[in-house]
Structure formats: structure tokens, C-alpha cells
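Here is the file run.pdb (PDB, C-alpha atoms).
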ATOM      1  CA  PHE A   1      79.500  84.694  86.955
ATOM      2  CA  PRO A   2      78.803  86.414  83.615
ATOM      3  CA  GLN A   3      77.988  83.187  81.761
ATOM      4  CA  PRO A   4      77.135  79.602  82.723
ATOM      5  CA  LEU A   5      79.979  78.071  84.691
ATOM      6  CA  ILE A   6      80.950  74.762  83.090
ATOM      7  CA  TRP A   7      83.406  72.233  84.504
ATOM      8  CA  ASN A   8      84.172  68.950  82.683
ATOM      9  CA  GLY A   9      81.105  69.463  80.489
ATOM     10  CA  GLU A  10      78.784  69.921  83.470
ATOM     11  CA  ILE A  11      77.059  73.220  84.229
ATOM     12  CA  LEU A  12      77.839  74.171  87.821
ATOM     13  CA  LYS A  13      75.114  75.637  89.979
ATOM     14  CA  VAL A  14      75.274  79.394  90.534
ATOM     15  CA  PRO A  15      75.006  80.676  93.137
ATOM     16  CA  HIS A  16      77.773  78.542  94.593
ATOM     17  CA  MET A  17      76.106  77.047  97.667
ATOM     18  CA  GLY A  18      77.659  74.407  99.856
ATOM     19  CA  TRP A  19      80.889  73.182 101.375
ATOM     20  CA  ASN A  20      84.271  73.724  99.780
ATOM     21  CA  LYS A  21      87.948  73.855 100.713
ATOM     22  CA  VAL A  22      90.187  76.904 100.862
ATOM     23  CA  LYS A  23      93.803  76.661  99.727
ATOM     24  CA  TRP A  24      95.702  78.977 102.081
ATOM     25  CA  ILE A  25      98.453  80.661 100.062
ATOM     26  CA  ARG A  26      99.588  83.399 102.453
ATOM     27  CA  GLU A  27      99.984  83.373 106.225
ATOM     28  CA  HIS A  28      97.976  85.701 108.429
ATOM     29  CA  PRO A  29      97.196  85.562 112.185
ATOM     30  CA  VAL A  30      93.445  85.234 111.525
ATOM     31  CA  PHE A  31      93.988  82.154 109.333
ATOM     32  CA  LYS A  32      96.737  80.562 111.455
ATOM     33  CA  GLY A  33      96.730  76.796 111.974
ATOM     34  CA  LEU A  34      93.807  75.915 109.712
ATOM     35  CA  ASP A  35      93.823  72.371 108.376
ATOM     36  CA  PRO A  36      93.929  72.362 104.544
ATOM     37  CA  ASP A  37      91.271  69.627 104.561
ATOM     38  CA  PHE A  38      88.712  71.804 106.374
ATOM     39  CA  GLU A  39      85.668  72.811 104.358
ATOM     40  CA  TYR A  40      83.812  76.114 104.677
ATOM     41  CA  TYR A  41      80.236  77.015 103.827
ATOM     42  CA  PHE A  42      79.808  79.198 100.728
ATOM     43  CA  VAL A  43      76.734  81.035  99.419
ATOM     44  CA  HIS A  44      77.613  83.525  96.668
ATOM     45  CA  SER A  45      77.102  84.384  93.009
ATOM     46  CA  TYR A  46      80.028  86.759  92.551
ATOM     47  CA  PHE A  47      83.628  87.049  93.662
ATOM     48  CA  GLY A  48      86.169  89.833  93.813
ATOM     49  CA  ILE A  49      89.353  90.024  91.778
ATOM     50  CA  PRO A  50      91.869  92.109  93.756
ATOM     51  CA  GLU A  51      94.194  94.357  91.777
ATOM     52  CA  ASN A  52      96.880  93.762  94.418
ATOM     53  CA  LYS A  53      97.543  90.003  94.364
ATOM     54  CA  GLU A  54      99.655  90.297  97.532
ATOM     55  CA  ILE A  55      96.512  90.643  99.682
ATOM     56  CA  ILE A  56      95.223  87.201  98.666
ATOM     57  CA  CYS A  57      95.370  84.681 101.518
ATOM     58  CA  GLY A  58      93.074  81.943 100.227
ATOM     59  CA  ILE A  59      91.683  80.607  96.976
ATOM     60  CA  THR A  60      88.904  78.129  96.296
ATOM     61  CA  PHE A  61      88.128  76.019  93.253
ATOM     62  CA  TYR A  62      84.586  75.855  91.881
ATOM     63  CA  GLY A  63      84.978  75.352  88.148
ATOM     64  CA  ILE A  64      87.656  78.053  88.338
ATOM     65  CA  ASN A  65      89.963  79.285  91.078
ATOM     66  CA  PHE A  66      88.605  82.374  92.809
ATOM     67  CA  VAL A  67      89.788  84.489  95.731
ATOM     68  CA  SER A  68      88.082  83.378  98.941
ATOM     69  CA  ALA A  69      90.133  85.192 101.620
ATOM     70  CA  ILE A  70      92.074  88.449 101.709
ATOM     71  CA  ALA A  71      93.948  90.496 104.302
ATOM     72  CA  TYR A  72      95.305  94.017 103.992
ATOM     73  CA  LYS A  73      96.488  96.128 106.920
ATOM     74  CA  ASN A  74      93.612  95.968 109.443
ATOM     75  CA  LEU A  75      91.073  94.490 106.985
ATOM     76  CA  VAL A  76      90.268  90.788 106.672
ATOM     77  CA  ALA A  77      87.528  89.407 104.421
ATOM     78  CA  VAL A  78      86.320  85.960 103.397
ATOM     79  CA  GLN A  79      83.947  84.825 100.652
ATOM     80  CA  PHE A  80      82.508  82.007 102.791
ATOM     81  CA  HIS A  81      80.428  82.205 105.963
ATOM     82  CA  PRO A  82      82.676  81.452 108.968
ATOM     83  CA  GLU A  83      79.673  81.554 111.329
ATOM     84  CA  LYS A  84      78.150  78.611 109.412
ATOM     85  CA  SER A  85      81.408  76.704 108.888
ATOM     86  CA  GLY A  86      81.631  74.721 112.121
ATOM     87  CA  LYS A  87      84.867  74.449 114.103
ATOM     88  CA  PRO A  88      87.183  75.941 111.453
ATOM     89  CA  GLY A  89      84.876  78.933 111.054
ATOM     90  CA  LEU A  90      84.770  79.448 114.811
ATOM     91  CA  GLN A  91      88.575  79.228 114.875
ATOM     92  CA  ILE A  92      88.752  82.045 112.302
ATOM     93  CA  LEU A  93      86.296  84.181 114.288
ATOM     94  CA  ARG A  94      88.175  83.552 117.547
ATOM     95  CA  GLN A  95      91.533  84.403 115.962
ATOM     96  CA  PHE A  96      90.001  87.535 114.447
ATOM     97  CA  CYS A  97      88.816  88.645 117.911
ATOM     98  CA  GLU A  98      92.267  87.956 119.388
ATOM     99  CA  TRP A  99      94.136  89.667 116.516
ATOM    100  CA  ASN A 100      95.734  93.018 117.284
ATOM    101  CA  PRO A 101      96.679  94.642 113.949
TER     102      PRO A 101
END
What would you get if you wrote out this structure as C-alpha cells?
Amino acid sequence: FPQPLIWNGEILKVPHMGWNKVKWIREHPVFKGLDPDFEYYFVHSYFGIPENKEIICGITFYGINFVSAIAYKNLVAVQFHPEKSGKPGLQILRQFCEWNP
């Protein structure tokens, strides 16, 4: 983040470390069947802003909405760590392994 991230008058910690939800906005086989109440483990200071908004699958709120999951052709990427995100993260990894683009 280029400047302190402030939400409701409070400076948010950067890097963003901890558990947070993903709002799934586009369907994809790798992200199929994920409960919207699941939380995923994030550790990051920066985030990407895709030029093509159609590749965005998930967004997360941490002071601002940012892209946390994308899919384009045979590429899938997430901002969080699925390997550290418990059952929902393992579900994503399993579905990625089973996916045949």
C-alpha cells in the first residue's frame, strides 16, 4: 500500500496478516462449493489490479476491496495461502489438482 491504510480512523496493519473472508464473484471449478463464511490466511503487503476485470473471481475487504483470486485460461492465482487456510484451502488445492483446463 503506498500510504498508511486507514479504516474508520484506525491505521490498519500492513502487511495484511491474518484470517479474512473472500467474496466469490465469479464461478470457477477450482473455487466451486466454497462457503462464503470461510476465512483464508493472508500474508501480503501488495495486491494486483488486473486490467481485465473479467478474470476476477474473488475479492477481499481490508480497509479497501482488493482482488484476492483470479482465473484466466489455465492460470489460477490467489492472494492468500491455501496451504495454511485449513479445510477450505485444502478444498481449493484438491479442486485445482482435479481441474482439467
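Using all atoms listed in the file, the smallest distance between any of A:Phe47, A:Phe80, A:Phe42, A:Gly33 and Ile64 of chain A comes from A:Phe47.
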Residue IDs satisfying the PyMOL selection byres ((chain A and resi 81-83) around 10), as a count of residues only: 18
Any chance you could resolve the PyMOL selection byres ((chain A and resi 35) around 10) against this file and give the residues as number ranges by chain? A: 21-24, 31-34, 36-39, 88
Neighbours of Ala69 of chain A within 6 Å (only C-alpha atoms; same-chain residues fewer than 4 positions away dropped), as a list in words?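 My list of contacting residues is Cys57, Gly58, Ala77 and Val78 of chain A.
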Do you know which residues lie at most 7 Å from (98.5, 93.2, 112.5), with coordinates as in the file and all atoms listed in the file counted, and could you write them as a ChimeraX atom specification? /A:73-74,99-101
May I ask which of the residues A:Gln95, A:Ser68, A:Ser45, A:Thr60 is the closest one to Pro29 of chain A, counting only C-alpha atoms?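 Closest residue, counting only C-alpha atoms: A:Gln95.
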